[in-house]
Structure formats: structure tokens, C-alpha cells
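Undergrad: Contents of run-v3.pdb (PDB, C-alpha atoms) are given next:
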```pdb
ATOM      1  CA  LEU R   1     -33.103  19.907 256.915
ATOM      2  CA  PRO R   2     -33.457  19.861 260.722
ATOM      3  CA  ASP R   3     -31.779  17.065 262.587
ATOM      4  CA  SER R   4     -33.647  13.834 263.126
ATOM      5  CA  ILE R   5     -33.559  14.066 266.916
ATOM      6  CA  SER R   6     -35.334  17.387 267.272
ATOM      7  CA  ASP R   7     -37.631  16.956 264.215
ATOM      8  CA  PRO R   8     -37.880  13.361 262.963
ATOM      9  CA  ALA R   9     -40.592  14.103 260.387
ATOM     10  CA  GLY R  10     -38.979  17.284 259.093
ATOM     11  CA  SER R  11     -35.597  15.632 258.731
ATOM     12  CA  GLN R  12     -36.854  13.372 255.985
ATOM     13  CA  GLY R  13     -36.616  14.559 252.406
ATOM     14  CA  PHE R  14     -36.445  13.354 248.846
ATOM     15  CA  VAL R  15     -35.305  14.414 245.418
ATOM     16  CA  ARG R  16     -37.554  13.825 242.416
ATOM     17  CA  PHE R  17     -36.002  13.659 238.954
ATOM     18  CA  THR R  18     -36.596  12.258 235.473
ATOM     19  CA  ILE R  19     -34.106  10.643 233.136
ATOM     20  CA  ASP R  20     -34.171   9.879 229.427
ATOM     21  CA  PRO R  21     -32.426   6.681 228.290
ATOM     22  CA  LYS R  22     -29.882   6.833 225.510
ATOM     23  CA  PRO R  23     -31.365   6.106 222.086
ATOM     24  CA  GLY R  24     -30.835   2.692 220.550
ATOM     25  CA  LEU R  25     -30.558   0.704 223.776
ATOM     26  CA  PRO R  26     -31.423  -2.973 223.206
ATOM     27  CA  GLU R  27     -34.446  -4.699 224.707
ATOM     28  CA  GLY R  28     -33.800  -5.755 228.299
ATOM     29  CA  THR R  29     -31.114  -3.152 229.060
ATOM     30  CA  GLU R  30     -30.724  -2.849 232.848
ATOM     31  CA  ILE R  31     -30.066   0.534 234.447
ATOM     32  CA  ASN R  32     -28.811   0.511 238.047
ATOM     33  CA  ASN R  33     -28.969   3.705 240.059
ATOM     34  CA  GLN R  34     -27.691   4.733 243.470
ATOM     35  CA  ALA R  35     -27.459   8.085 245.228
ATOM     36  CA  GLY R  36     -25.015   9.440 247.829
ATOM     37  CA  ILE R  37     -26.158  11.794 250.616
ATOM     38  CA  TYR R  38     -23.664  14.091 252.278
ATOM     39  CA  PHE R  39     -24.177  15.877 255.611
ATOM     40  CA  ASP R  40     -21.524  18.490 256.294
ATOM     41  CA  GLN R  41     -18.196  16.702 256.698
ATOM     42  CA  ASN R  42     -19.699  13.322 257.549
ATOM     43  CA  GLU R  43     -19.109  10.195 255.503
ATOM     44  CA  VAL R  44     -21.391   9.680 252.532
ATOM     45  CA  VAL R  45     -24.658   7.834 253.141
ATOM     46  CA  LEU R  46     -25.428   5.565 250.184
ATOM     47  CA  THR R  47     -29.004   4.740 249.266
ATOM     48  CA  ASN R  48     -30.156   1.326 248.103
ATOM     49  CA  THR R  49     -29.515   0.441 244.475
ATOM     50  CA  THR R  50     -32.525   0.575 242.178
ATOM     51  CA  LEU R  51     -32.902  -1.461 239.012
ATOM     52  CA  ASN R  52     -34.869  -0.374 235.935
ATOM     53  CA  THR R  53     -35.159  -2.647 232.906
ATOM     54  CA  LEU R  54     -36.051  -1.168 229.524
ATOM     55  CA  ARG R  55     -38.856  -3.027 227.769
ATOM     56  CA  GLU R  56     -40.740  -2.108 224.611
ATOM     57  CA  HIS R  57     -43.872  -3.766 226.042
ATOM     58  CA  PRO R  58     -43.307  -4.299 229.779
ATOM     59  CA  SER R  59     -46.898  -5.065 230.729
ATOM     60  CA  PRO R  60     -48.139  -8.648 230.268
ATOM     61  CA  VAL R  61     -51.108  -9.542 228.099
ATOM     62  CA  ALA R  62     -53.480 -12.166 229.514
ATOM     63  CA  ALA R  63     -55.230 -14.042 226.708
ATOM     64  CA  PHE R  64     -55.839 -17.676 225.873
ATOM     65  CA  SER R  65     -57.589 -20.035 223.514
ATOM     66  CA  THR R  66     -59.297 -23.338 224.283
ATOM     67  CA  SER R  67     -59.631 -26.563 222.326
ATOM     68  CA  HIS R  68     -60.833 -30.053 223.040
ATOM     69  CA  SER R  69     -58.037 -32.559 223.576
ATOM     70  CA  CYS R  70     -57.000 -33.899 220.203
ATOM     71  CA  THR R  71     -56.817 -37.531 221.348
ATOM     72  CA  SER R  72     -59.314 -37.901 224.218
ATOM     73  CA  THR R  73     -63.020 -38.658 223.912
ATOM     74  CA  GLY R  74     -63.746 -37.387 227.436
ATOM     75  CA  LEU R  75     -64.388 -33.866 228.745
ATOM     76  CA  VAL R  76     -60.688 -33.079 228.384
ATOM     77  CA  TYR R  77     -59.471 -29.693 227.174
ATOM     78  CA  ASP R  78     -56.185 -28.015 226.275
ATOM     79  CA  PHE R  79     -55.430 -24.347 226.917
ATOM     80  CA  THR R  80     -52.984 -22.213 224.958
ATOM     81  CA  TYR R  81     -51.580 -18.885 226.110
ATOM     82  CA  THR R  82     -51.963 -16.405 223.222
ATOM     83  CA  GLY R  83     -50.965 -13.086 224.804
ATOM     84  CA  GLY R  84     -47.525 -13.025 223.196
ATOM     85  CA  THR R  85     -45.662 -11.856 226.339
ATOM     86  CA  SER R  86     -44.356 -15.148 227.689
ATOM     87  CA  ASP R  87     -40.720 -14.052 228.088
ATOM     88  CA  GLY R  88     -40.023 -13.501 231.770
ATOM     89  CA  ALA R  89     -43.653 -14.254 232.643
ATOM     90  CA  SER R  90     -45.292 -16.541 235.171
ATOM     91  CA  PHE R  91     -48.755 -18.038 234.743
ATOM     92  CA  ASN R  92     -51.524 -18.816 237.209
ATOM     93  CA  TRP R  93     -54.507 -20.700 235.757
ATOM     94  CA  ASP R  94     -57.727 -21.378 237.647
ATOM     95  CA  PHE R  95     -60.050 -23.901 235.982
ATOM     96  CA  GLY R  96     -62.573 -24.056 238.813
ATOM     97  CA  PRO R  97     -63.376 -26.675 241.474
ATOM     98  CA  ASP R  98     -64.891 -29.109 238.947
ATOM     99  CA  ALA R  99     -61.647 -29.533 237.012
ATOM    100  CA  ILE R 100     -58.685 -31.856 237.522
ATOM    101  CA  PRO R 101     -56.269 -30.272 238.080
ATOM    102  CA  ALA R 102     -58.073 -27.177 239.360
ATOM    103  CA  THR R 103     -55.040 -24.919 238.851
ATOM    104  CA  SER R 104     -51.854 -24.862 236.821
ATOM    105  CA  MET R 105     -48.721 -22.774 236.469
ATOM    106  CA  ASP R 106     -47.828 -24.061 232.989
ATOM    107  CA  GLU R 107     -47.809 -21.704 230.052
ATOM    108  CA  HIS R 108     -49.902 -24.073 227.932
ATOM    109  CA  PRO R 109     -51.719 -26.517 230.261
ATOM    110  CA  THR R 110     -53.093 -29.643 228.610
ATOM    111  CA  ASP R 111     -55.363 -32.560 229.510
ATOM    112  CA  ILE R 112     -57.604 -30.591 231.890
ATOM    113  CA  LEU R 113     -60.475 -32.909 232.811
ATOM    114  CA  PHE R 114     -63.847 -31.355 233.656
ATOM    115  CA  ALA R 115     -66.402 -33.235 235.752
ATOM    116  CA  ASN R 116     -69.433 -32.188 233.739
ATOM    117  CA  GLU R 117     -70.639 -30.443 230.609
ATOM    118  CA  GLY R 118     -71.741 -26.826 230.518
ATOM    119  CA  ILE R 119     -70.198 -23.413 231.090
ATOM    120  CA  HIS R 120     -67.055 -23.271 233.223
ATOM    121  CA  GLU R 121     -65.306 -20.021 234.074
ATOM    122  CA  VAL R 122     -61.554 -20.152 233.563
ATOM    123  CA  SER R 123     -59.214 -17.367 234.622
ATOM    124  CA  LEU R 124     -55.583 -16.674 233.797
ATOM    125  CA  THR R 125     -53.245 -14.271 235.593
ATOM    126  CA  VAL R 126     -49.991 -13.402 233.862
ATOM    127  CA  SER R 127     -47.241 -11.709 235.905
ATOM    128  CA  ARG R 128     -44.230 -10.133 234.218
ATOM    129  CA  TYR R 129     -41.586  -7.671 235.373
ATOM    130  CA  GLY R 130     -43.616  -6.629 238.404
ATOM    131  CA  CYS R 131     -46.871  -6.128 236.472
ATOM    132  CA  SER R 132     -49.817  -8.486 236.187
ATOM    133  CA  GLU R 133     -53.005  -8.830 234.177
ATOM    134  CA  THR R 134     -55.957 -11.188 234.631
ATOM    135  CA  VAL R 135     -58.524 -12.367 232.115
ATOM    136  CA  ALA R 136     -61.552 -14.573 232.744
ATOM    137  CA  ASP R 137     -63.575 -16.347 230.095
ATOM    138  CA  ALA R 138     -66.499 -18.747 230.041
ATOM    139  CA  VAL R 139     -65.482 -22.030 228.430
ATOM    140  CA  GLN R 140     -68.227 -24.262 227.080
ATOM    141  CA  VAL R 141     -67.373 -27.883 227.846
ATOM    142  CA  MET R 142     -69.144 -30.246 225.457
ATOM    143  CA  ASP R 143     -69.491 -33.976 225.035
ATOM    144  CA  VAL R 144     -67.908 -35.002 221.719
ATOM    145  CA  SER R 145     -70.386 -37.819 221.178
ATOM    146  CA  CYS R 146     -72.638 -37.148 218.198
ATOM    147  CA  THR R 147     -75.584 -38.565 216.316
ATOM    148  CA  PRO R 148     -75.347 -38.713 212.507
ATOM    149  CA  ARG R 149     -78.198 -37.041 210.702
ATOM    150  CA  SER R 150     -78.814 -40.069 208.545
ATOM    151  CA  ARG R 151     -77.341 -43.557 208.262
ATOM    152  CA  SER R 152     -76.987 -45.896 205.347
ATOM    153  CA  ARG R 153     -77.922 -49.496 205.983
ATOM    154  CA  SER R 154     -74.315 -50.615 205.490
ATOM    155  CA  SER R 155     -72.906 -48.348 208.220
ATOM    156  CA  GLY R 156     -75.809 -48.575 210.606
ATOM    157  CA  SER R 157     -75.817 -52.322 211.028
ATOM    158  CA  SER R 158     -72.941 -52.422 213.530
ATOM    159  CA  SER R 159     -73.757 -49.258 215.440
ATOM    160  CA  SER R 160     -77.294 -50.053 216.560
ATOM    161  CA  GLY R 161     -77.938 -46.347 217.022
ATOM    162  CA  ASP R 162     -75.899 -45.934 220.203
ATOM    163  CA  ARG R 163     -74.909 -42.296 220.537
ATOM    164  CA  ASP R 164     -71.595 -42.989 222.282
ATOM    165  CA  GLN R 165     -70.314 -44.962 219.261
ATOM    166  CA  TRP R 166     -70.169 -41.855 217.084
ATOM    167  CA  ILE R 167     -67.587 -39.144 217.680
ATOM    168  CA  THR R 168     -67.201 -35.537 216.516
ATOM    169  CA  ILE R 169     -63.828 -34.830 214.928
ATOM    170  CA  CYS R 170     -62.122 -31.971 213.103
ATOM    171  CA  HIS R 171     -61.223 -33.398 209.709
ATOM    172  CA  TYR R 172     -58.446 -31.696 207.727
ATOM    173  CA  LYS R 173     -58.886 -31.823 203.983
ATOM    174  CA  HIS R 174     -55.518 -30.340 202.998
ATOM    175  CA  LYS R 175     -53.817 -33.739 203.100
ATOM    176  CA  SER R 176     -51.573 -35.215 200.456
ATOM    177  CA  LYS R 177     -53.127 -37.287 197.701
ATOM    178  CA  SER R 178     -51.972 -40.495 199.382
ATOM    179  CA  SER R 179     -53.672 -39.480 202.603
ATOM    180  CA  LYS R 180     -56.851 -38.667 200.762
ATOM    181  CA  SER R 181     -56.883 -42.010 198.981
ATOM    182  CA  SER R 182     -56.281 -43.911 202.200
ATOM    183  CA  LYS R 183     -59.287 -42.235 203.759
ATOM    184  CA  SER R 184     -61.592 -42.542 200.787
ATOM    185  CA  SER R 185     -63.433 -45.593 202.094
ATOM    186  CA  SER R 186     -63.939 -44.202 205.585
ATOM    187  CA  ASN R 187     -64.897 -40.784 204.239
ATOM    188  CA  SER R 188     -67.499 -42.253 201.925
ATOM    189  CA  SER R 189     -68.980 -44.216 204.803
ATOM    190  CA  SER R 190     -69.075 -41.278 207.168
ATOM    191  CA  LYS R 191     -70.430 -38.881 204.563
ATOM    192  CA  SER R 192     -73.169 -41.225 203.461
ATOM    193  CA  SER R 193     -74.112 -42.216 206.970
ATOM    194  CA  SER R 194     -73.612 -39.027 208.902
ATOM    195  CA  ASN R 195     -74.228 -36.402 206.247
ATOM    196  CA  SER R 196     -71.254 -34.638 207.797
ATOM    197  CA  SER R 197     -72.000 -31.166 209.079
ATOM    198  CA  SER R 198     -69.193 -29.107 207.565
ATOM    199  CA  LYS R 199     -68.331 -25.731 209.035
ATOM    200  CA  SER R 200     -65.755 -24.939 206.369
ATOM    201  CA  SER R 201     -65.993 -22.244 203.742
ATOM    202  CA  SER R 202     -67.170 -23.534 200.397
ATOM    203  CA  SER R 203     -64.685 -21.216 198.694
ATOM    204  CA  ASP R 204     -61.625 -22.718 200.415
ATOM    205  CA  ASP R 205     -61.062 -26.471 200.108
ATOM    206  CA  ARG R 206     -58.184 -26.299 202.601
ATOM    207  CA  ALA R 207     -60.393 -25.303 205.527
ATOM    208  CA  PRO R 208     -61.094 -28.086 208.043
ATOM    209  CA  GLU R 209     -64.594 -29.408 208.608
ATOM    210  CA  THR R 210     -66.432 -30.875 211.564
ATOM    211  CA  ILE R 211     -67.799 -34.361 210.890
ATOM    212  CA  CYS R 212     -69.410 -37.214 212.830
ATOM    213  CA  ILE R 213     -67.695 -40.597 212.421
ATOM    214  CA  PRO R 214     -68.111 -44.118 213.838
ATOM    215  CA  MET R 215     -65.972 -44.841 216.892
ATOM    216  CA  ASN R 216     -64.432 -47.912 215.253
ATOM    217  CA  LYS R 217     -62.848 -45.694 212.577
ATOM    218  CA  LEU R 218     -61.485 -43.069 214.965
ATOM    219  CA  HIS R 219     -57.950 -44.485 215.032
ATOM    220  CA  LYS R 220     -57.644 -44.124 211.264
ATOM    221  CA  TYR R 221     -58.505 -40.417 211.370
ATOM    222  CA  LEU R 222     -56.202 -39.748 214.329
ATOM    223  CA  ALA R 223     -53.324 -41.463 212.524
ATOM    224  CA  LEU R 224     -53.759 -39.014 209.652
ATOM    225  CA  GLY R 225     -53.589 -35.947 211.901
ATOM    226  CA  ASP R 226     -57.281 -35.251 212.541
ATOM    227  CA  CYS R 227     -58.428 -34.196 216.016
ATOM    228  CA  ILE R 228     -61.277 -35.168 218.317
ATOM    229  CA  GLY R 229     -63.779 -32.360 218.846
ATOM    230  CA  PRO R 230     -65.249 -29.628 216.630
ATOM    231  CA  CYS R 231     -63.000 -27.459 214.455
ATOM    232  CA  ASP R 232     -64.477 -24.186 215.688
ATOM    233  CA  PRO R 233     -64.935 -23.167 219.322
ATOM    234  CA  PRO R 234     -68.599 -23.727 220.217
ATOM    235  CA  ALA R 235     -70.875 -20.750 219.891
ATOM    236  CA  PRO R 236     -72.198 -19.324 223.170
ATOM    237  CA  ALA R 237     -74.827 -21.615 224.631
ATOM    238  CA  LYS R 238     -78.407 -20.402 224.869
ATOM    239  CA  ARG R 239     -80.821 -21.054 227.664
ATOM    240  CA  ALA R 240     -83.469 -23.672 227.018
ATOM    241  CA  ASN R 241     -86.684 -21.603 226.318
ATOM    242  CA  ASN R 242     -84.725 -18.519 225.327
ATOM    243  CA  SER R 243     -86.602 -15.833 223.479
ATOM    244  CA  PRO R 244     -85.193 -13.977 220.438
ATOM    245  CA  GLY R 245     -82.469 -11.592 221.497
ATOM    246  CA  GLU R 246     -81.954 -13.175 224.901
ATOM    247  CA  ASN R 247     -78.282 -13.332 225.833
ATOM    248  CA  LEU R 248     -76.231 -15.794 227.827
ATOM    249  CA  GLU R 249     -75.528 -14.898 231.436
ATOM    250  CA  THR R 250     -73.200 -17.076 233.489
ATOM    251  CA  SER R 251     -73.260 -16.349 237.204
ATOM    252  CA  GLY R 252     -73.339 -12.628 236.458
ATOM    253  CA  HIS R 253     -70.194 -12.710 234.307
ATOM    254  CA  THR R 254     -69.822 -11.178 230.874
ATOM    255  CA  VAL R 255     -69.166 -13.651 228.098
ATOM    256  CA  VAL R 256     -67.316 -12.546 224.962
ATOM    257  CA  LYS R 257     -67.013 -15.017 222.072
ATOM    258  CA  ILE R 258     -65.647 -14.843 218.537
ATOM    259  CA  TYR R 259     -66.637 -17.487 215.986
ATOM    260  CA  PRO R 260     -65.897 -19.086 213.621
ATOM    261  CA  ASN R 261     -62.244 -19.057 214.595
ATOM    262  CA  PRO R 262     -60.147 -19.679 212.470
ATOM    263  CA  THR R 263     -62.014 -17.574 209.928
ATOM    264  CA  ALA R 264     -61.706 -16.961 206.196
ATOM    265  CA  GLY R 265     -62.621 -13.311 206.770
ATOM    266  CA  GLN R 266     -66.014 -12.646 208.323
ATOM    267  CA  PHE R 267     -66.651 -13.570 211.954
ATOM    268  CA  THR R 268     -69.250 -12.993 214.646
ATOM    269  CA  LEU R 269     -68.512 -11.053 217.819
ATOM    270  CA  TYR R 270     -70.836 -12.023 220.662
ATOM    271  CA  VAL R 271     -71.152 -10.041 223.920
ATOM    272  CA  SER R 272     -73.567 -11.508 226.439
ATOM    273  CA  ARG R 273     -74.196  -8.521 228.726
ATOM    274  CA  GLY R 274     -72.788  -5.309 230.185
ATOM    275  CA  ASN R 275     -71.983  -2.053 228.429
ATOM    276  CA  PRO R 276     -69.826  -2.858 225.394
ATOM    277  CA  GLU R 277     -67.971   0.205 224.120
ATOM    278  CA  HIS R 278     -65.627  -0.728 221.297
ATOM    279  CA  VAL R 279     -63.491  -3.448 219.727
ATOM    280  CA  THR R 280     -59.990  -2.964 218.326
ATOM    281  CA  LEU R 281     -58.203  -5.505 216.149
ATOM    282  CA  ILE R 282     -54.422  -5.579 216.497
ATOM    283  CA  ASN R 283     -51.927  -7.474 214.355
ATOM    284  CA  VAL R 284     -48.871  -9.340 215.669
ATOM    285  CA  LEU R 285     -46.795  -6.170 215.318
ATOM    286  CA  GLY R 286     -49.047  -4.388 217.815
ATOM    287  CA  GLU R 287     -50.580  -2.168 215.119
ATOM    288  CA  SER R 288     -54.275  -1.304 215.256
ATOM    289  CA  VAL R 289     -55.820  -2.394 211.956
ATOM    290  CA  LEU R 290     -59.542  -2.075 212.663
ATOM    291  CA  HIS R 291     -61.645  -0.220 215.218
ATOM    292  CA  HIS R 292     -65.401  -0.449 215.833
ATOM    293  CA  HIS R 293     -67.087   2.047 218.146
ATOM    294  CA  SER R 294     -70.611   0.629 217.830
ATOM    295  CA  VAL R 295     -70.388  -2.635 219.765
ATOM    296  CA  VAL R 296     -73.715  -3.961 221.046
ATOM    297  CA  VAL R 297     -74.935  -6.674 223.375
ATOM    298  CA  GLY R 298     -75.646  -9.749 221.285
ATOM    299  CA  GLU R 299     -74.153 -10.663 217.928
ATOM    300  CA  GLN R 300     -72.599  -8.513 215.238
ATOM    301  CA  GLN R 301     -70.576  -9.248 212.128
ATOM    302  CA  ILE R 302     -67.015  -8.041 211.570
ATOM    303  CA  ASP R 303     -65.189  -8.508 208.279
ATOM    304  CA  LEU R 304     -61.443  -9.133 207.967
ATOM    305  CA  SER R 305     -61.604 -10.152 204.312
ATOM    306  CA  GLY R 306     -59.530  -7.214 203.138
ATOM    307  CA  TYR R 307     -56.665  -7.898 205.536
ATOM    308  CA  PRO R 308     -53.685 -10.275 205.174
ATOM    309  CA  ASN R 309     -53.891 -13.808 206.543
ATOM    310  CA  GLY R 310     -52.324 -14.276 209.950
ATOM    311  CA  ILE R 311     -52.951 -13.838 213.665
ATOM    312  CA  TYR R 312     -54.882 -10.903 215.104
ATOM    313  CA  PHE R 313     -55.961  -9.959 218.612
ATOM    314  CA  ALA R 314     -59.411  -8.533 219.293
ATOM    315  CA  LYS R 315     -59.526  -6.220 222.329
ATOM    316  CA  VAL R 316     -63.153  -5.802 223.393
ATOM    317  CA  LYS R 317     -63.930  -3.093 225.957
ATOM    318  CA  VAL R 318     -67.010  -3.887 228.054
ATOM    319  CA  GLY R 319     -67.524  -1.376 230.853
ATOM    320  CA  THR R 320     -64.367  -1.445 232.955
ATOM    321  CA  GLN R 321     -63.283  -4.861 231.630
ATOM    322  CA  MET R 322     -61.009  -5.579 228.677
ATOM    323  CA  PHE R 323     -61.390  -8.944 226.923
ATOM    324  CA  ILE R 324     -58.650 -10.120 224.574
ATOM    325  CA  GLN R 325     -59.188 -12.946 222.103
ATOM    326  CA  ARG R 326     -56.881 -14.315 219.405
ATOM    327  CA  ILE R 327     -58.229 -14.627 215.834
ATOM    328  CA  VAL R 328     -56.635 -16.710 213.099
ATOM    329  CA  LYS R 329     -57.427 -15.595 209.541
ATOM    330  CA  TYR R 330     -56.570 -18.034 206.761
TER     331      TYR R 330
END
```
How would this structure read if it were set down as C-alpha cells?
TA:
Amino acid sequence: LPDSISDPAGSQGFVRFTIDPKPGLPEGTEINNQAGIYFDQNEVVLTNTTLNTLREHPSPVAAFSTSHSCTSTGLVYDFTYTGGTSDGASFNWDFGPDAIPATSMDEHPTDILFANEGIHEVSLTVSRYGCSETVADAVQVMDVSCTPRSRSRSSGSSSSGDRDQWITICHYKHKSKSSKSSKSSSNSSSKSSSNSSSKSSSSDDRAPETICIPMNKLHKYLALGDCIGPCDPPAPAKRANNSPGENLETSGHTVVKIYPNPTAGQFTLYVSRGNPEHVTLINVLGESVLHHHSVVVGEQQIDLSGYPNGIYFAKVKVGTQMFIQRIVKY
């Protein structure tokens, strides 16, 4: 190389090389590297030390699920990170200007209060080992007040028909016998008065169901482990006056929803807009178990009945975007 005084640009050089790690190195192995440059008889010039860390899956996965707060009757929601790459990761949540707090750096932020009902866009950026990934999803914030379909005279006398005195809860039926007996009176009242709208599978008595109960009996259900809010995430909202086949559009953003979730096997994949290409279902081991090429705008059915119970991740490719949603099969 020419000297740096007479030819500054030409005096600069580099060496490009590849290296294969030794087999069997454990996860997180750190490899430090440094080079020495020699010019004639001059002292060695040492480069900076580089650090490479071996990771089986170095890139983060940004994915989350949403549920209504289990104990609050307000517009309060909990968020759970479901990407499975929390080790060494940092989190940056953005719930929008109508939420308190509007941002969070917790892995699983809870008690996020929204100012109003409707669709709210929530984004999550996960950073890990120098890489980052962002996912945005439209969260439907709903009032948990409900109106029973029918009321018996015995239960309706104290409620006077006020909507805010009836609450939607997720009722778990796989309780012990003692729990079931202790709730028999309240269940009979709520079933006779509200004609509870169950979303559970008739073939599985363990599946939870969404029911509408009187507010004055809420504490009894909460004490037994039930939660405020519907069991399943709400289906994508439709516009008022929507025609058949019309899809949800939220400020120009694509909405991807999977419901019911948890599912006994069959679920609906909903894509609101864009150019959906394919969906891949991955198990917790990172193995692809199901792949659909023919994804369309709107709703389509996907069946997991023939696969083991557990947690799966649906990766939905829509144009240049990748949406990741967790699915629980029971």
C-alpha cells in the first residue's frame, strides 16, 4: 500500500475472511477477535476487538396478545409478549395518545387504560442483540357492560334493566366439584336471566364460556378465578351499514385477526385488506407444521384438529408486512 501522506485514500485497505465456529458450542458463546497490522519493522498496530455471540435464533420476534383486565370493569387491558425471544431483549410499546400510560418498556404491560371504545392501534418493537423487529396490530377496546337476552322475574326485580349493572365475564367450567356447587345458585340465576351466550365448544366441557352476570354477583365469580371480559378476543369490528364482503379498514392499516383463540381445532383467519400471500403455522420448537398459499382478503377457515394441543404461532405474510399471532389449541 502507498503511504498515507502521499495517497491517503490508497493507503487504506482491508482483509475479508470467513470463519466457521467449532461444532457443539453452547448458546451464547462469545468470540472475541483482534488483528495485528505490521508495517516493515515498525511496532504492531492492533485493531479494535470485535465481539460475536453465537445464537441459535439471534433475531427477535415481535408478537403479542391482548386481553381485558381480569379484575377491572373499565376500558383496561393487559398485554402479553408472545414472541418467545425475551432473553436479552428490550421492549418498546406504543398504545397511542388515548391510552394511559401511552408507552411502556415492560415485557408484559398491564392495566393500560383507554379513553374510549373502538379500534386502537398498538405497536411493539423488540430489540435483541443489535437486531429489532416491530409489529403493529389493531386492538378492539370494548365496554364489558352487557344486556342479558332475557330475564326471569326473580333476577330482574333488583336490576331495573340498567345496562351498567350487568357485566361480561369469562366463566371457567373446569372447576372442582366444590367450586361448582358453590356457584350453583348464581349460575342458575345468570343462566335463567341472561341466557348466557356461550362461545365454548359443545364437545369439550372444560372450555370456558362467555356469560353475562349481575354486577352484585361479580365478586363471587372473581373469587373463584373467573375473569372480567369475553373469553375470546373480539372478532374484527364491522362498519355500521357494511355490505356483504366489506372488510375493516383502520386508518389505512391492515388488520389481521385469528378467532376463536384459544381454539379446539378450527379457527378463522381474517385479513382486512392488502395483498395476503400465505400463512405458516409454527410450533414452539420453530418447526413449520402447516402452510397455506391461498390466503384471501376476508375470512377463511383453518383446521388444527389433527395437531397436538399446545401453542402455535401463525405468520401471515401480507404484501411486505409479516404479522405474527399466537394460537392456543386445547
Undergrad: Could you list the residues chosen by the PyMOL selection byres ((chain R and resi 126-134) around 9) in this structure as a PyMOL selection string?
TA: chain R and resi 53+58-63+85-93+123-125+135-136
Undergrad: Can you work out the spacing between CA of Pro109 (chain R) and CA of Thr280 (chain R) in Å, to one decimal?
TA: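 Distance reported for this atom pair: 27.7 Å.
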Undergrad: How would you write as a ChimeraX atom specification the residues that get within 8 Å of (-60.9, -34.0, 215.7) in the file's frame, counting only C-alpha atoms?
TA: /R:70-71,168-171,210,222,226-231
Undergrad: Please check which residues have atoms at most 7 Å from (-59.2, -28.8, 232.4) in the file's coordinates, counting all atoms listed in the file, and write them as a ChimeraX atom specification.
TA: /R:76-78,95,99-101,111-114
Undergrad: Quick one: pull the distance between CA of Lys317 (chain R) and CA of Glu121 (chain R), Å, one decimal.
TA: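 Atom-to-atom, CA of Lys317 (chain R) and CA of Glu121 (chain R) are spaced 18.8 Å apart.
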Undergrad: Quick one, how far is CA of Tyr81 (chain R) from CA of Phe313 (chain R)?
TA: 12.5 Å
Undergrad: If the PyMOL selection byres ((chain R and resi 278) around 9) is run on the structure shown, which residues does it catch, given as a PyMOL selection string?
TA: chain R and resi 276-277+279-280+291-296+315-318
Undergrad: For the file shown, report as a PyMOL selection string the outcome of the PyMOL selection byres ((chain R and resi 137) around 10) at residue level.
TA: chain R and resi 63-65+119-124+135-136+138-140+253-257+323-325
Undergrad: Smallest atom-to-atom distance to Cys212 (chain R): which of R:Pro23, R:Pro148, R:Gly274, R:Gly96, using all atoms listed in the file?
TA: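 Distance minimum relative to Cys212 (chain R) lands on R:Pro148.
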Undergrad: I want to know what sits within 12 Å of region 13-16 of chain R, based on all atoms listed in the file, with residues of the same chain fewer than 5 positions away left out; could you give that as an MDAnalysis selection string?
TA: chainID R and resid 1:4 8 35:37 47
Undergrad: Write out the residues from the selection above, keeping C-alpha atoms, as a PDB file, in the frame of the given file.
TA:
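Produced file selection.pdb, reproduced below:
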```pdb
ATOM      1  CA  LEU R   1     -33.103  19.907 256.915  1.00  0.00           C
ATOM      2  CA  PRO R   2     -33.457  19.861 260.722  1.00  0.00           C
ATOM      3  CA  ASP R   3     -31.779  17.065 262.587  1.00  0.00           C
ATOM      4  CA  SER R   4     -33.647  13.834 263.126  1.00  0.00           C
ATOM      5  CA  PRO R   8     -37.880  13.361 262.963  1.00  0.00           C
ATOM      6  CA  ALA R  35     -27.459   8.085 245.228  1.00  0.00           C
ATOM      7  CA  GLY R  36     -25.015   9.440 247.829  1.00  0.00           C
ATOM      8  CA  ILE R  37     -26.158  11.794 250.616  1.00  0.00           C
ATOM      9  CA  THR R  47     -29.004   4.740 249.266  1.00  0.00           C
TER      10      THR R  47
END
```
Undergrad: Select from region 66-139 of chain R every residue with an atom at most 12 Å from any atom of region 281-289 of chain R, then for each give the shortest pair of atoms and their distance in Å to one decimal, using only C-alpha atoms, rows by chain and rising number, as CSV.
TA:
```
residue,atom,partner,partner_atom,distance
R:Thr82,CA,R:Val284,CA,10.8
R:Gly83,CA,R:Val284,CA,10.1
R:Gly84,CA,R:Val284,CA,8.5
R:Thr85,CA,R:Val284,CA,11.4
```
Undergrad: So which residues touch Cys146 (chain R) within 9 Å, counting only C-alpha atoms, skipping near sequence neighbours fewer than 2 positions away, as a list in words?
TA: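 In the requested format, the answer is Asp143, Val144, Pro148, Arg163, Asp164, Gln165, Trp166, Ile167, Thr168, Cys212 and Ile213 of chain R.
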